[in-house]
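**Q** Coordinates in data.tsv, TSV, C-alpha atoms and all ligand atoms, are listed below.
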```
chain	number	residue	atom	x	y	z
A	1	MET	CA	-4.85	-17.52	18.06
A	2	SER	CA	-5.72	-14.23	16.55
A	3	LYS	CA	-8.81	-14.15	14.40
A	4	ARG	CA	-8.16	-10.69	13.12
A	5	PRO	CA	-8.69	-10.46	9.39
A	6	VAL	CA	-5.87	-9.67	7.01
A	7	VAL	CA	-6.30	-7.16	4.20
A	8	PHE	CA	-3.82	-7.41	1.35
A	9	LEU	CA	-3.53	-3.87	0.12
A	10	ASP	CA	-2.76	-2.80	-3.40
A	11	ILE	CA	-2.21	0.96	-3.75
A	12	ASP	CA	-2.36	2.12	-7.38
A	13	ASP	CA	-6.00	2.23	-8.54
A	14	VAL	CA	-7.15	1.31	-5.05
A	15	LEU	CA	-5.99	4.35	-3.05
A	16	CYS	CA	-3.74	6.24	-5.47
A	17	LEU	CA	-5.47	7.13	-8.73
A	18	ASN	CA	-2.30	8.72	-10.14
A	19	THR	CA	-4.15	11.89	-11.04
A	20	ALA	CA	-2.39	14.59	-9.03
A	21	TYR	CA	0.63	12.66	-7.77
A	22	THR	CA	2.17	9.21	-8.04
A	23	GLY	CA	4.34	6.89	-6.01
A	24	TYR	CA	7.38	8.53	-7.59
A	25	ASP	CA	6.41	11.84	-5.99
A	26	ALA	CA	6.09	10.14	-2.61
A	27	GLU	CA	9.45	8.47	-3.08
A	28	ALA	CA	11.03	11.79	-3.99
A	29	ALA	CA	9.54	13.44	-0.90
A	30	LEU	CA	10.98	10.79	1.40
A	31	ARG	CA	14.35	10.40	-0.28
A	32	PRO	CA	17.01	11.76	2.00
A	33	VAL	CA	19.42	14.27	0.56
A	34	GLY	CA	22.51	14.57	2.70
A	35	GLY	CA	20.70	12.59	5.38
A	36	GLN	CA	17.69	14.92	5.46
A	37	PRO	CA	14.28	14.36	3.86
A	38	THR	CA	13.73	16.76	0.97
A	39	ARG	CA	10.89	18.57	2.66
A	40	ARG	CA	11.69	21.84	0.95
A	41	SER	CA	10.86	20.55	-2.53
A	42	THR	CA	7.77	18.59	-1.52
A	43	PRO	CA	4.58	20.07	-3.01
A	44	PRO	CA	2.44	21.33	-0.12
A	45	ASP	CA	-0.61	19.37	-1.28
A	46	LEU	CA	1.26	16.13	-2.02
A	47	TRP	CA	0.00	14.12	0.94
A	48	ASP	CA	-3.56	15.44	0.72
A	49	ARG	CA	-3.87	14.50	-2.91
A	50	LEU	CA	-1.65	11.43	-3.27
A	51	PHE	CA	-4.49	9.11	-2.25
A	52	ALA	CA	-8.07	9.87	-3.28
A	53	LEU	CA	-10.48	10.94	-0.56
A	54	ARG	CA	-13.32	8.45	-1.11
A	55	PRO	CA	-11.05	5.37	-1.06
A	56	ARG	CA	-9.40	6.64	2.13
A	57	THR	CA	-12.78	7.23	3.76
A	58	ASN	CA	-13.98	3.79	2.73
A	59	LEU	CA	-10.83	2.08	4.00
A	60	ARG	CA	-11.31	3.83	7.34
A	61	ALA	CA	-14.89	2.52	7.53
A	62	LEU	CA	-13.64	-1.00	6.79
A	63	HIS	CA	-10.97	-0.62	9.46
A	64	GLU	CA	-13.40	0.60	12.09
A	65	GLU	CA	-15.64	-2.39	11.52
A	66	PHE	CA	-13.08	-5.19	11.24
A	67	ASN	CA	-9.78	-3.97	12.76
A	68	PRO	CA	-7.65	-5.96	10.31
A	69	TRP	CA	-3.92	-6.35	9.85
A	70	TYR	CA	-2.60	-4.93	6.61
A	71	VAL	CA	-0.09	-6.54	4.26
A	72	VAL	CA	1.10	-4.47	1.31
A	73	SER	CA	0.84	-6.42	-1.95
A	74	SER	CA	1.34	-3.35	-4.16
A	75	SER	CA	4.51	-2.75	-6.16
A	76	TRP	CA	5.04	0.14	-3.73
A	77	ARG	CA	6.37	-2.47	-1.27
A	78	THR	CA	9.54	-2.74	-3.35
A	79	SER	CA	10.06	1.04	-3.51
A	80	PHE	CA	9.67	1.83	0.18
A	81	SER	CA	11.11	0.48	3.40
A	82	ARG	CA	8.61	-0.44	6.08
A	83	GLY	CA	9.31	2.90	7.74
A	84	GLY	CA	8.82	4.77	4.48
A	85	MET	CA	5.54	3.00	3.83
A	86	GLU	CA	4.35	3.83	7.35
A	87	THR	CA	5.22	7.48	6.75
A	88	VAL	CA	3.18	7.45	3.54
A	89	PHE	CA	0.14	6.05	5.36
A	90	ARG	CA	0.49	8.54	8.23
A	91	GLU	CA	1.00	11.56	6.00
A	92	THR	CA	-1.96	10.65	3.80
A	93	GLY	CA	-4.31	10.52	6.78
A	94	ILE	CA	-4.67	6.75	7.09
A	95	ALA	CA	-2.34	6.25	10.04
A	96	PHE	CA	-4.41	3.25	11.12
A	97	VAL	CA	-2.78	1.28	8.28
A	98	ALA	CA	0.69	2.16	9.59
A	99	GLU	CA	-0.37	1.24	13.12
A	100	HIS	CA	-1.79	-2.10	12.04
A	101	LEU	CA	0.77	-3.10	9.47
A	102	HIS	CA	1.43	-6.80	9.95
A	103	GLU	CA	4.79	-7.94	11.29
A	104	ILE	CA	5.32	-9.58	7.88
A	105	TRP	CA	4.26	-6.35	6.24
A	106	ARG	CA	4.57	-7.19	2.57
A	107	THR	CA	4.23	-10.12	0.21
A	108	ALA	CA	7.36	-11.53	-1.38
A	109	ASP	CA	8.34	-10.18	-4.79
A	110	HIS	CA	8.07	-12.99	-7.28
A	111	LYS	CA	7.77	-11.19	-10.56
A	112	PHE	CA	10.98	-12.83	-11.70
A	113	CYS	CA	9.93	-16.32	-10.58
A	114	PHE	CA	6.39	-16.53	-11.85
A	115	ASN	CA	4.99	-15.11	-15.03
A	116	VAL	CA	4.15	-11.48	-14.37
A	117	ALA	CA	0.43	-11.95	-14.90
A	118	GLY	CA	0.15	-14.54	-12.14
A	119	ALA	CA	2.61	-13.03	-9.70
A	120	ARG	CA	0.15	-11.05	-7.55
A	121	ARG	CA	-2.08	-14.03	-6.84
A	122	ASN	CA	0.88	-16.33	-6.19
A	123	GLU	CA	2.54	-13.84	-3.85
A	124	ILE	CA	-0.63	-13.47	-1.79
A	125	LEU	CA	-1.36	-17.20	-1.64
A	126	GLU	CA	2.22	-17.86	-0.60
A	127	TRP	CA	1.92	-15.34	2.25
A	128	ILE	CA	-1.34	-17.00	3.34
A	129	ALA	CA	0.25	-20.44	3.28
A	130	ARG	CA	3.22	-19.31	5.38
A	131	TRP	CA	1.85	-16.80	7.83
A	132	HIS	CA	-1.91	-16.91	8.07
A	133	ASP	CA	-4.06	-18.57	10.68
A	134	GLU	CA	-6.53	-20.50	8.58
A	135	LYS	CA	-9.43	-19.48	10.84
A	136	SER	CA	-8.95	-15.79	10.13
A	137	PRO	CA	-10.70	-14.14	7.22
A	138	TRP	CA	-8.74	-12.30	4.58
A	139	ILE	CA	-9.35	-10.28	1.46
A	140	ALA	CA	-7.20	-8.94	-1.34
A	141	LEU	CA	-8.02	-5.33	-2.20
A	142	ASP	CA	-6.73	-4.80	-5.71
A	143	ASP	CA	-7.92	-3.62	-9.10
A	144	PHE	CA	-8.78	-5.32	-12.36
A	145	GLU	CA	-5.41	-4.48	-13.94
A	146	SER	CA	-2.74	-5.17	-11.32
A	147	GLY	CA	-4.99	-7.82	-9.79
A	148	GLU	CA	-5.95	-9.53	-13.01
A	149	SER	CA	-4.65	-12.83	-11.69
A	150	LEU	CA	-7.14	-12.53	-8.81
A	151	VAL	CA	-10.23	-12.32	-11.03
A	152	GLY	CA	-12.66	-15.01	-9.91
A	153	HIS	CA	-10.92	-15.61	-6.56
A	154	SER	CA	-13.51	-15.60	-3.79
A	155	ASN	CA	-11.35	-13.42	-1.49
A	156	ALA	CA	-10.65	-10.71	-4.05
A	157	VAL	CA	-12.26	-7.28	-4.10
A	158	LEU	CA	-11.25	-5.74	-7.39
A	159	CYS	CA	-11.66	-2.01	-7.97
A	160	GLU	CA	-12.14	-0.21	-11.25
A	161	PRO	CA	-8.94	1.44	-12.50
A	162	GLY	CA	-9.28	5.20	-12.17
A	163	VAL	CA	-11.99	4.85	-9.51
A	164	GLY	CA	-10.36	2.92	-6.69
A	165	PHE	CA	-11.93	1.66	-3.47
A	166	ALA	CA	-15.43	2.95	-4.14
A	167	THR	CA	-18.43	2.46	-1.88
A	168	ASP	CA	-19.80	-0.58	-3.74
A	169	LYS	CA	-16.40	-2.22	-3.25
A	170	LEU	CA	-16.52	-1.38	0.45
A	171	GLU	CA	-19.84	-3.23	0.60
A	172	GLN	CA	-18.31	-6.21	-1.19
A	173	ALA	CA	-15.36	-6.23	1.22
A	174	ARG	CA	-17.71	-6.04	4.21
A	175	ASP	CA	-19.80	-8.93	2.92
A	176	LEU	CA	-16.73	-11.11	2.41
A	177	LEU	CA	-15.30	-10.38	5.84
A	178	ARG	CA	-18.66	-10.85	7.59
A	179	MET	CA	-19.32	-14.15	5.81
A	180	SER	CA	-15.89	-15.60	6.47
A	181	GLY	CA	-15.87	-14.32	10.05
A	182	GLU	CA	-19.01	-16.21	11.02
B	201	MG	MG	-3.23	-1.61	-8.71
```
As structure tokens, how would this structure be written, given the file I've shared?

**A**
Amino acid sequence: MSKRPVVFLDIDDVLCLNTAYTGYDAEAALRPVGGQPTRRSTPPDLWDRLFALRPRTNLRALHEEFNPWYVVSSSWRTSFSRGGMETVFRETGIAFVAEHLHEIWRTADHKFCFNVAGARRNEILEWIARWHDEKSPWIALDDFESGESLVGHSNAVLCEPGVGFATDKLEQARDLLRMSGE
């Protein structure tokens, strides 16, 4: 059985700080008009600035060390198809996420079943219960707002809103994956 770790990936306030552009801009760029992507109206710096540089660099470092599968836990998973999400990761310079997106690439959307505050944690734990090899390490990369329900969970790495996946969070993620991989 595979012992590759799984990283549950939130996007807003982890990679996307919503300063220059937001998920809506990415959606607009990928929305076909008459069957064609609307390339003409896409700002030329959209993909460079959609995700912040430091979080992207840190995620790459995590990837190079642990070679995980990725599962999208962000609300972006309900706005994009798998193909659309892969395009976002490729265009923003983190193609390794697209290339290592898990077969079950997103958590279920339970915001209407659970109370909203607990949904993120429940969605991740449900994915783990259904699809995860118990011997493999996993972490949830999220932030203190969208991932509030994960506060105190030993597998959670929670970023500061407006800062994202900073270097101290990379160290925390490394420690968790090293410990659970031993
Ligand atoms: Mg978030």

**Q** Please, which residues in chain A fall within 9 Å of ligand MG 201 (chain B) when counting only C-alpha atoms and all ligand atoms, and what is the closest atom pair and distance in Å to one decimal for each, ordered by chain then residue number, as JSON lines?

**A**
```
{"residue": "A:Asp10", "atom": "CA", "partner": "B:MG201", "partner_atom": "MG", "distance": 5.5}
{"residue": "A:Ile11", "atom": "CA", "partner": "B:MG201", "partner_atom": "MG", "distance": 5.7}
{"residue": "A:Asp12", "atom": "CA", "partner": "B:MG201", "partner_atom": "MG", "distance": 4.1}
{"residue": "A:Asp13", "atom": "CA", "partner": "B:MG201", "partner_atom": "MG", "distance": 4.7}
{"residue": "A:Val14", "atom": "CA", "partner": "B:MG201", "partner_atom": "MG", "distance": 6.1}
{"residue": "A:Leu15", "atom": "CA", "partner": "B:MG201", "partner_atom": "MG", "distance": 8.7}
{"residue": "A:Cys16", "atom": "CA", "partner": "B:MG201", "partner_atom": "MG", "distance": 8.5}
{"residue": "A:Ser74", "atom": "CA", "partner": "B:MG201", "partner_atom": "MG", "distance": 6.7}
{"residue": "A:Ser75", "atom": "CA", "partner": "B:MG201", "partner_atom": "MG", "distance": 8.2}
{"residue": "A:Leu141", "atom": "CA", "partner": "B:MG201", "partner_atom": "MG", "distance": 8.9}
{"residue": "A:Asp142", "atom": "CA", "partner": "B:MG201", "partner_atom": "MG", "distance": 5.6}
{"residue": "A:Asp143", "atom": "CA", "partner": "B:MG201", "partner_atom": "MG", "distance": 5.1}
{"residue": "A:Phe144", "atom": "CA", "partner": "B:MG201", "partner_atom": "MG", "distance": 7.6}
{"residue": "A:Glu145", "atom": "CA", "partner": "B:MG201", "partner_atom": "MG", "distance": 6.4}
{"residue": "A:Ser146", "atom": "CA", "partner": "B:MG201", "partner_atom": "MG", "distance": 4.4}
{"residue": "A:Gly147", "atom": "CA", "partner": "B:MG201", "partner_atom": "MG", "distance": 6.5}
{"residue": "A:Cys159", "atom": "CA", "partner": "B:MG201", "partner_atom": "MG", "distance": 8.5}
{"residue": "A:Pro161", "atom": "CA", "partner": "B:MG201", "partner_atom": "MG", "distance": 7.5}
{"residue": "A:Gly164", "atom": "CA", "partner": "B:MG201", "partner_atom": "MG", "distance": 8.7}
```

**Q** Produce a file of the selected residues containing C-alpha atoms, as a compact mmCIF listing (two decimals), in the frame of the given file.

**A**
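Produced file again.txt, reproduced below:
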```txt
# COMPACT_ATOMS: atom_id res chain seq x y z
CA ASP A 10 -2.76 -2.80 -3.40
CA ILE A 11 -2.21 0.96 -3.75
CA ASP A 12 -2.36 2.12 -7.38
CA ASP A 13 -6.00 2.23 -8.54
CA VAL A 14 -7.15 1.31 -5.05
CA LEU A 15 -5.99 4.35 -3.05
CA CYS A 16 -3.74 6.24 -5.47
CA SER A 74 1.34 -3.35 -4.16
CA SER A 75 4.51 -2.75 -6.16
CA LEU A 141 -8.02 -5.33 -2.20
CA ASP A 142 -6.73 -4.80 -5.71
CA ASP A 143 -7.92 -3.62 -9.10
CA PHE A 144 -8.78 -5.32 -12.36
CA GLU A 145 -5.41 -4.48 -13.94
CA SER A 146 -2.74 -5.17 -11.32
CA GLY A 147 -4.99 -7.82 -9.79
CA CYS A 159 -11.66 -2.01 -7.97
CA PRO A 161 -8.94 1.44 -12.50
CA GLY A 164 -10.36 2.92 -6.69
```

**Q** What is the CA of Ala20 (chain A) to CA of Ser149 (chain A) distance in Å?

**A**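 Between these atoms lies a distance of 27.6 Å.
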
**Q** Just to confirm, what's the straight-line distance from CA of Leu177 (chain A) to CA of Ser136 (chain A) in Å (one decimal)?

**A**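 We find that CA of Leu177 (chain A) and CA of Ser136 (chain A) lie 9.4 Å from each other.
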
**Q** Under the rule of at most 10 Å, produce a per-residue listing of region 32-78 of chain A near region 100-108 of chain A: chain, number, name, the closest pair of atoms, and the distance in Å, as CSV, using only C-alpha atoms.

**A**
```
residue,atom,partner,partner_atom,distance
A:His63,CA,A:His100,CA,9.6
A:Asn67,CA,A:His100,CA,8.2
A:Pro68,CA,A:His100,CA,7.2
A:Trp69,CA,A:His100,CA,5.2
A:Tyr70,CA,A:Leu101,CA,4.8
A:Val71,CA,A:Trp105,CA,4.8
A:Val72,CA,A:Arg106,CA,4.6
A:Ser73,CA,A:Thr107,CA,5.5
A:Ser74,CA,A:Arg106,CA,8.4
A:Ser75,CA,A:Thr107,CA,9.7
A:Trp76,CA,A:Arg106,CA,9.7
A:Arg77,CA,A:Arg106,CA,6.3
A:Thr78,CA,A:Arg106,CA,8.9
```

**Q** For those residues, write C-alpha atoms to a file as a compact mmCIF listing (two decimals), in the coordinates of the input.

**A**
```
# COMPACT_ATOMS: atom_id res chain seq x y z
CA HIS A 63 -10.97 -0.62 9.46
CA ASN A 67 -9.78 -3.97 12.76
CA PRO A 68 -7.65 -5.96 10.31
CA TRP A 69 -3.92 -6.35 9.85
CA TYR A 70 -2.60 -4.93 6.61
CA VAL A 71 -0.09 -6.54 4.26
CA VAL A 72 1.10 -4.47 1.31
CA SER A 73 0.84 -6.42 -1.95
CA SER A 74 1.34 -3.35 -4.16
CA SER A 75 4.51 -2.75 -6.16
CA TRP A 76 5.04 0.14 -3.73
CA ARG A 77 6.37 -2.47 -1.27
CA THR A 78 9.54 -2.74 -3.35
```

**Q** What's the separation between CA of Arg82 (chain A) and CA of Ala29 (chain A), in Å to one decimal place?

**A** 15.6 Å

**Q** Using all atoms listed in the file, pick whichever of A:Leu62, A:Ser154, A:Ile94, A:Pro137 has the shortest atom-to-atom distance to Thr167 (chain A).

**A**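 Checking each of A:Leu62, A:Ser154, A:Ile94, A:Pro137 against Thr167 (chain A), counting all atoms listed in the file, the winner is A:Leu62.
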
**Q** With only C-alpha atoms as the counted atoms, please give the residues lying no more than 12 Å from Asp175 (chain A), apart from itself and same-chain residues fewer than 4 positions off, as a PyMOL selection string.

**A** chain A and resi 62+65-66+137-139+154-157+168-171+179-182

**Q** Might you pull out every residue within 10 Å of Trp47 (chain A), with only C-alpha atoms counted and same-chain residues fewer than 6 positions away left off, and present them as a tab-separated table (two decimals) with C-alpha atoms, in the coordinates of the input?

**A**
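Okay, this is what ended up in around.tsv:
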```
chain	number	residue	atom	x	y	z
A	21	TYR	CA	0.63	12.66	-7.77
A	25	ASP	CA	6.41	11.84	-5.99
A	26	ALA	CA	6.09	10.14	-2.61
A	29	ALA	CA	9.54	13.44	-0.90
A	88	VAL	CA	3.18	7.45	3.54
A	89	PHE	CA	0.14	6.05	5.36
A	90	ARG	CA	0.49	8.54	8.23
A	91	GLU	CA	1.00	11.56	6.00
A	92	THR	CA	-1.96	10.65	3.80
A	93	GLY	CA	-4.31	10.52	6.78
```

**Q** Between A:Arg121, A:Arg174, A:Arg54, A:Arg49, which is the closest to Val151 (chain A) once you count only C-alpha atoms?

**A**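 Of the candidates, the smallest distance to Val151 (chain A) is held by A:Arg121.
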